[in-house]
Amino acid sequence: MRSKVTVVGAGNVGATAAQRIHGLGYADVVLVDVVPDLPQGKALDMLESGPVIGSDASIIGSNTYEASANSDVVVITAGIARKPGMSRDDLLLTNMKITSAVTQEVVKHSPNCIIIAVTNPLDAMLQNIYETSGFPRSRVFGMAGVLDTARFRTFIAQELNVSVDDVQAYVLGGHGDDMVPLVRYTTVGGIPISDLMAEEKVQQLVTRARQGGGEIVQLLKTGSAFYAPSASITQMVEAVLLDRKRILPCCAYLQGEYGINDLCVGVPVKLGAGGMEQVIQIKLTRDEQAALKRSAASVKELVDVMRKAKGQGAKA
Ligand code: APR
């Protein structure tokens with residue numbers, strides 16, 4: 001029997017992720033969106049690609065959650081995306097309301113699923129989804145680090161004219177402009193990047209990776225990135241469904257790790273059939289720890305704004 005994956009949000013990120021997951025062939029996919037007929041139309045189009053790409057998996061679209069019942073993994077991409085001039089944080093309260101409503105439906109119909117949060121601002125949205133779901137933290141985590149490192153790895157591979165396969169990198173912290181690339185752990189074929197590139201060049205690539213999402217928004221003008229984000233989602237879904245025990249940077253609810261409590265921040269984790277099976281702790285330098293604290297503080301600010309808005313909503 002195939003696994004079942006639901007993708008909520010049939011926009012650019014969700015539809016492209018659904019397409020990639022359907023293409024894997026070993027998971028049936030349900031695509032959910034509020035817009036009438038949109039997920040149905042996209043899902044049918046993808047289903048009809050099956051004979052060509054060799055996928056027997058089913059994919060259906062729906063405006064309700066019944067068809068998603070008992071999913072193994074649910075990917076939440078529902079929300080609004082950035083337009084030029086907007087930061088990820090500008091999306092905060094709109095996407096908070098959307099992800100709260102979506103999570104309640106997901107929990108009701110798939111009480112044992114693993115949730116992968118994607119909606120931005122990611123760290124704050126994961127916090128909201130985690131708290132709304134009531135799931136253990138192992139079953140609710142977010143996609144950001146895989147994308148951020150993919151961008152960093154792309155730029156390094158381009159610069160050195162080497163295979164992207166041989167470039168390894170890690171980032172910590174929030175999915176924002178203050179994310180913390182761990183340059184010490186960035187290697188090319190196992191060789192530290194500092195042996196291959198001048199420090200100044202490394203820093204230029206770090207800056208470009210940090211602003212990678214914004215660079216795409218500026219070019220697209222009507223939305224934000226979705227090809228690399230959907231590829232990153234698919235890698236995480238695959239790690240869970242195939243119990244691959246991959247060590248990947250993900251956004252996770254921390255309970256004391258890295259000195260951070262009750263806050264969702266990006267860290268390296270182990271992903272397998274149990275979801276986030278372990279938070280990997282590495283020893284940070286004083287500068288790295290300070291940068292991580294700064295990044296966590298920005299996430300905390302957004303979480304506080306959400307708490308205040310929720311408190312006001314409760315009083316109204
Ligand atoms: N339930 C289900 N779907 C919803 C809901 C809801 N309550 N509210 C909005 N949506 C849907 C929209 O109808 C739309 O089809 O979410 C989809 C979002 O798609 P896009 O606008 O194309 O945005 P996308 O580029 O896919 O980004 C989605 O992922 O990377 C993040 O920052 C990005 O937060 C954004 C999210």
# chains A, B, ... in the order shown; residues from 1 in each chain; ligands from 1
>>> residues_near_ligand(ligand="ligand 1", cutoff="7 Å", atoms="only C-alpha atoms and all ligand atoms", output="VMD selection string")
chain A and resid 8 to 14 32 to 35 77 to 82 88 95 98 to 99 101 to 102 118 to 121 223 to 226 229
>>> residues_around(residues="Pro192 (chain A)", least_positions_apart="6", cutoff="10 Å", atoms="only C-alpha atoms", output="list in words")
Val167, Gln168, Val183, Arg184, Tyr185 and Thr186 of chain A
>>> write_last_selection(atoms="C-alpha atoms", output="short mmCIF file (atom, residue, chain, number, x, y, z; two decimals), in the first residue's frame")
data_model
loop_
_atom_site.label_atom_id
_atom_site.label_comp_id
_atom_site.auth_asym_id
_atom_site.auth_seq_id
_atom_site.Cartn_x
_atom_site.Cartn_y
_atom_site.Cartn_z
CA VAL A 167 28.94 20.75 -1.50
CA GLN A 168 27.69 20.30 2.07
CA VAL A 183 30.69 28.34 7.45
CA ARG A 184 32.91 26.06 9.59
CA TYR A 185 30.79 23.08 8.58
CA THR A 186 30.63 24.00 4.91
#
>>> residues_around(residues="region 21-31 of chain A", least_positions_apart="4", cutoff="6 Å", atoms="only C-alpha atoms", output="VMD selection string")
chain A and resid 2 to 8 39 55 57 to 61 68
>>> write_last_selection(atoms="all heavy atoms", output="compact mmCIF listing (two decimals), in the first residue's frame")
# COMPACT_ATOMS: atom_id res chain seq x y z
N ARG A 2 0.45 2.24 -0.80
CA ARG A 2 1.23 3.47 -0.84
C ARG A 2 0.95 4.34 0.39
O ARG A 2 -0.10 4.24 1.00
CB ARG A 2 0.87 4.26 -2.10
CG ARG A 2 1.65 3.84 -3.34
CD ARG A 2 1.35 4.77 -4.50
NE ARG A 2 0.06 4.48 -5.06
CZ ARG A 2 -0.16 3.60 -6.03
NH1 ARG A 2 0.86 2.93 -6.55
NH2 ARG A 2 -1.37 3.37 -6.49
N SER A 3 1.91 5.18 0.73
CA SER A 3 1.70 6.17 1.79
C SER A 3 0.75 7.24 1.26
O SER A 3 0.47 7.31 0.07
CB SER A 3 3.01 6.85 2.17
OG SER A 3 3.98 5.89 2.48
N LYS A 4 0.27 8.10 2.19
CA LYS A 4 -0.64 9.16 1.78
C LYS A 4 -0.09 10.51 2.24
O LYS A 4 0.22 10.69 3.43
CB LYS A 4 -2.00 8.89 2.42
CG LYS A 4 -3.09 9.88 2.02
CD LYS A 4 -4.44 9.34 2.45
CE LYS A 4 -5.56 10.30 2.15
NZ LYS A 4 -6.86 9.77 2.57
N VAL A 5 0.00 11.43 1.32
CA VAL A 5 0.51 12.77 1.63
C VAL A 5 -0.53 13.80 1.22
O VAL A 5 -1.03 13.76 0.09
CB VAL A 5 1.84 13.06 0.88
CG1 VAL A 5 2.32 14.48 1.16
CG2 VAL A 5 2.91 12.06 1.27
N THR A 6 -0.88 14.70 2.12
CA THR A 6 -1.77 15.80 1.77
C THR A 6 -0.96 17.09 1.69
O THR A 6 -0.10 17.34 2.56
CB THR A 6 -2.89 15.95 2.82
OG1 THR A 6 -3.78 14.83 2.67
CG2 THR A 6 -3.69 17.23 2.63
N VAL A 7 -1.22 17.87 0.67
CA VAL A 7 -0.59 19.18 0.54
C VAL A 7 -1.71 20.22 0.63
O VAL A 7 -2.64 20.19 -0.18
CB VAL A 7 0.17 19.32 -0.79
CG1 VAL A 7 0.80 20.71 -0.89
CG2 VAL A 7 1.23 18.24 -0.93
N VAL A 8 -1.64 21.09 1.62
CA VAL A 8 -2.68 22.12 1.78
C VAL A 8 -2.14 23.42 1.18
O VAL A 8 -1.06 23.90 1.57
CB VAL A 8 -3.06 22.33 3.26
CG1 VAL A 8 -4.23 23.30 3.36
CG2 VAL A 8 -3.41 21.01 3.93
N PRO A 39 -7.81 23.07 -6.85
CA PRO A 39 -7.01 21.87 -6.56
C PRO A 39 -7.48 20.67 -7.40
O PRO A 39 -6.64 19.86 -7.82
CB PRO A 39 -7.24 21.63 -5.07
CG PRO A 39 -8.50 22.34 -4.74
CD PRO A 39 -8.59 23.50 -5.68
N SER A 55 4.13 7.13 -13.13
CA SER A 55 3.67 7.09 -11.74
C SER A 55 2.25 6.54 -11.67
O SER A 55 1.35 7.06 -12.33
CB SER A 55 3.69 8.50 -11.12
OG SER A 55 3.09 8.46 -9.83
N ALA A 57 0.73 6.43 -8.80
CA ALA A 57 0.14 7.02 -7.59
C ALA A 57 -1.09 7.83 -7.97
O ALA A 57 -1.19 8.36 -9.08
CB ALA A 57 1.17 7.94 -6.93
N SER A 58 -2.03 7.92 -7.03
CA SER A 58 -3.22 8.74 -7.30
C SER A 58 -2.96 10.15 -6.80
O SER A 58 -2.15 10.37 -5.88
CB SER A 58 -4.45 8.12 -6.64
OG SER A 58 -4.57 8.57 -5.32
N ILE A 59 -3.64 11.10 -7.40
CA ILE A 59 -3.61 12.47 -6.88
C ILE A 59 -4.98 13.08 -7.13
O ILE A 59 -5.48 13.04 -8.25
CB ILE A 59 -2.45 13.32 -7.47
CG1 ILE A 59 -2.54 14.78 -6.96
CG2 ILE A 59 -2.37 13.26 -8.98
CD1 ILE A 59 -1.24 15.56 -7.09
N ILE A 60 -5.59 13.59 -6.05
CA ILE A 60 -6.91 14.21 -6.20
C ILE A 60 -6.89 15.58 -5.53
O ILE A 60 -6.11 15.82 -4.60
CB ILE A 60 -8.04 13.35 -5.58
CG1 ILE A 60 -7.73 13.04 -4.11
CG2 ILE A 60 -8.28 12.08 -6.37
CD1 ILE A 60 -8.93 12.46 -3.38
N GLY A 61 -7.78 16.44 -5.97
CA GLY A 61 -7.91 17.77 -5.38
C GLY A 61 -9.22 17.89 -4.63
O GLY A 61 -10.19 17.19 -4.95
N SER A 68 -8.60 13.83 2.71
CA SER A 68 -7.23 13.80 3.25
C SER A 68 -7.11 12.90 4.47
O SER A 68 -6.01 12.74 5.01
CB SER A 68 -6.80 15.22 3.62
OG SER A 68 -7.39 15.60 4.87
>>> select_by_dssp(residues="region 3-205 of chain A", states="strand (DSSP E or B)", output="count of residues only")
38
>>> atom_distance(atom1="CA of Arg137 (chain A)", atom2="CA of Arg20 (chain A)")
25.9 Å
>>> atom_distance(atom1="CA of Val240 (chain A)", atom2="CA of Gly272 (chain A)")
4.4 Å
>>> residues_around(residues="Leu172 (chain A)", least_positions_apart="6", cutoff="7 Å", atoms="only C-alpha atoms", output="PDB file with all heavy atoms, in the first residue's frame")
ATOM      1  N   MET A 179      19.489  34.584   9.304  1.00  0.00           N
ATOM      2  CA  MET A 179      19.840  33.168   9.431  1.00  0.00           C
ATOM      3  C   MET A 179      21.363  33.040   9.572  1.00  0.00           C
ATOM      4  O   MET A 179      22.113  33.941   9.182  1.00  0.00           O
ATOM      5  CB  MET A 179      19.337  32.378   8.221  1.00  0.00           C
ATOM      6  CG  MET A 179      20.040  32.700   6.942  1.00  0.00           C
ATOM      7  SD  MET A 179      19.445  31.746   5.540  1.00  0.00           S
ATOM      8  CE  MET A 179      18.090  32.701   4.919  1.00  0.00           C
ATOM      9  N   VAL A 180      21.802  31.925  10.135  1.00  0.00           N
ATOM     10  CA  VAL A 180      23.215  31.794  10.496  1.00  0.00           C
ATOM     11  C   VAL A 180      23.872  30.643   9.718  1.00  0.00           C
ATOM     12  O   VAL A 180      23.828  29.492  10.145  1.00  0.00           O
ATOM     13  CB  VAL A 180      23.349  31.488  12.014  1.00  0.00           C
ATOM     14  CG1 VAL A 180      24.806  31.532  12.451  1.00  0.00           C
ATOM     15  CG2 VAL A 180      22.490  32.440  12.837  1.00  0.00           C
ATOM     16  N   PRO A 181      24.468  30.924   8.555  1.00  0.00           N
ATOM     17  CA  PRO A 181      25.161  29.842   7.850  1.00  0.00           C
ATOM     18  C   PRO A 181      26.399  29.406   8.647  1.00  0.00           C
ATOM     19  O   PRO A 181      27.158  30.251   9.131  1.00  0.00           O
ATOM     20  CB  PRO A 181      25.572  30.479   6.521  1.00  0.00           C
ATOM     21  CG  PRO A 181      24.754  31.708   6.395  1.00  0.00           C
ATOM     22  CD  PRO A 181      24.500  32.173   7.800  1.00  0.00           C
ATOM     23  N   GLY A 266      15.569  27.132  13.387  1.00  0.00           N
ATOM     24  CA  GLY A 266      16.230  26.154  12.527  1.00  0.00           C
ATOM     25  C   GLY A 266      17.463  25.541  13.168  1.00  0.00           C
ATOM     26  O   GLY A 266      18.328  26.262  13.669  1.00  0.00           O
ATOM     27  N   VAL A 267      17.527  24.216  13.128  1.00  0.00           N
ATOM     28  CA  VAL A 267      18.662  23.452  13.683  1.00  0.00           C
ATOM     29  C   VAL A 267      18.820  22.168  12.861  1.00  0.00           C
ATOM     30  O   VAL A 267      17.869  21.754  12.205  1.00  0.00           O
ATOM     31  CB  VAL A 267      18.435  23.073  15.170  1.00  0.00           C
ATOM     32  CG1 VAL A 267      18.526  24.282  16.080  1.00  0.00           C
ATOM     33  CG2 VAL A 267      17.105  22.355  15.366  1.00  0.00           C
ATOM     34  N   LEU A 292      22.974  33.018  16.647  1.00  0.00           N
ATOM     35  CA  LEU A 292      21.764  32.197  16.785  1.00  0.00           C
ATOM     36  C   LEU A 292      20.790  32.840  17.768  1.00  0.00           C
ATOM     37  O   LEU A 292      19.580  32.885  17.520  1.00  0.00           O
ATOM     38  CB  LEU A 292      22.151  30.777  17.257  1.00  0.00           C
ATOM     39  CG  LEU A 292      20.990  29.807  17.455  1.00  0.00           C
ATOM     40  CD1 LEU A 292      20.221  29.593  16.152  1.00  0.00           C
ATOM     41  CD2 LEU A 292      21.500  28.454  17.967  1.00  0.00           C
TER      42      LEU A 292
END
>>> residues_around(residues="Pro111 (chain A)", least_positions_apart="4", cutoff="10 Å", atoms="only C-alpha atoms", output="PyMOL selection string")
chain A and resi 69-72+105-107+133-135
>>> write_last_selection(atoms="C-alpha atoms", output="PDB file, in the first residue's frame")
ATOM      1  CA  ALA A  69      -8.244  11.563   6.174  1.00  0.00           C
ATOM      2  CA  ASN A  70      -5.481   9.533   7.789  1.00  0.00           C
ATOM      3  CA  SER A  71      -2.637  11.054   5.828  1.00  0.00           C
ATOM      4  CA  ASP A  72       0.866  10.008   6.859  1.00  0.00           C
ATOM      5  CA  GLU A 105      -8.819  20.571  10.102  1.00  0.00           C
ATOM      6  CA  VAL A 106      -5.618  18.593   9.631  1.00  0.00           C
ATOM      7  CA  VAL A 107      -5.584  17.402  13.245  1.00  0.00           C
ATOM      8  CA  SER A 133      -1.975  20.985  16.776  1.00  0.00           C
ATOM      9  CA  GLY A 134      -1.162  19.743  20.262  1.00  0.00           C
ATOM     10  CA  PHE A 135       1.087  17.160  18.548  1.00  0.00           C
TER      11      PHE A 135
END
>>> atom_distance(atom1="CA of Ala273 (chain A)", atom2="CA of Ile53 (chain A)")
26.5 Å
>>> select_by_dssp(residues="region 210-273 of chain A", states="helix (DSSP H, G or I)", output="MDAnalysis selection string")
chainID A and resid 210 212:220 227:241 257:259
>>> closest_residue(among="A:Ile260, A:Thr207, A:Ser100, A:Ile76", to="Lys300 (chain A)", atoms="only C-alpha atoms")
A:Ile260
>>> closest_residue(among="A:Gln19, A:Asn128, A:Val303, A:Val188", to="Gly50 (chain A)", atoms="only C-alpha atoms")
A:Gln19
>>> closest_residue(among="A:Ile129, A:Ala297, A:Leu147, A:Ala239", to="Val265 (chain A)", atoms="only C-alpha atoms")
A:Ala297
>>> closest_residue(among="A:Gln312, A:Asn261, A:Gln203, A:Asn63", to="Lys293 (chain A)", atoms="only C-alpha atoms")
A:Asn261
>>> residues_around(residues="Ala150 (chain A)", least_positions_apart="2", cutoff="10 Å", atoms="only C-alpha atoms", output="PyMOL selection string")
chain A and resi 144-148+152-156+164+167-170+209+228-229+231-232
>>> closest_residue(among="A:Pro84, A:Val299, A:Ala309, A:Lys283", to="Leu122 (chain A)", atoms="only C-alpha atoms")
A:Val299
>>> closest_residue(among="A:Met143, A:Val202, A:Leu284, A:Ala157", to="Gln235 (chain A)", atoms="only C-alpha atoms")
A:Met143
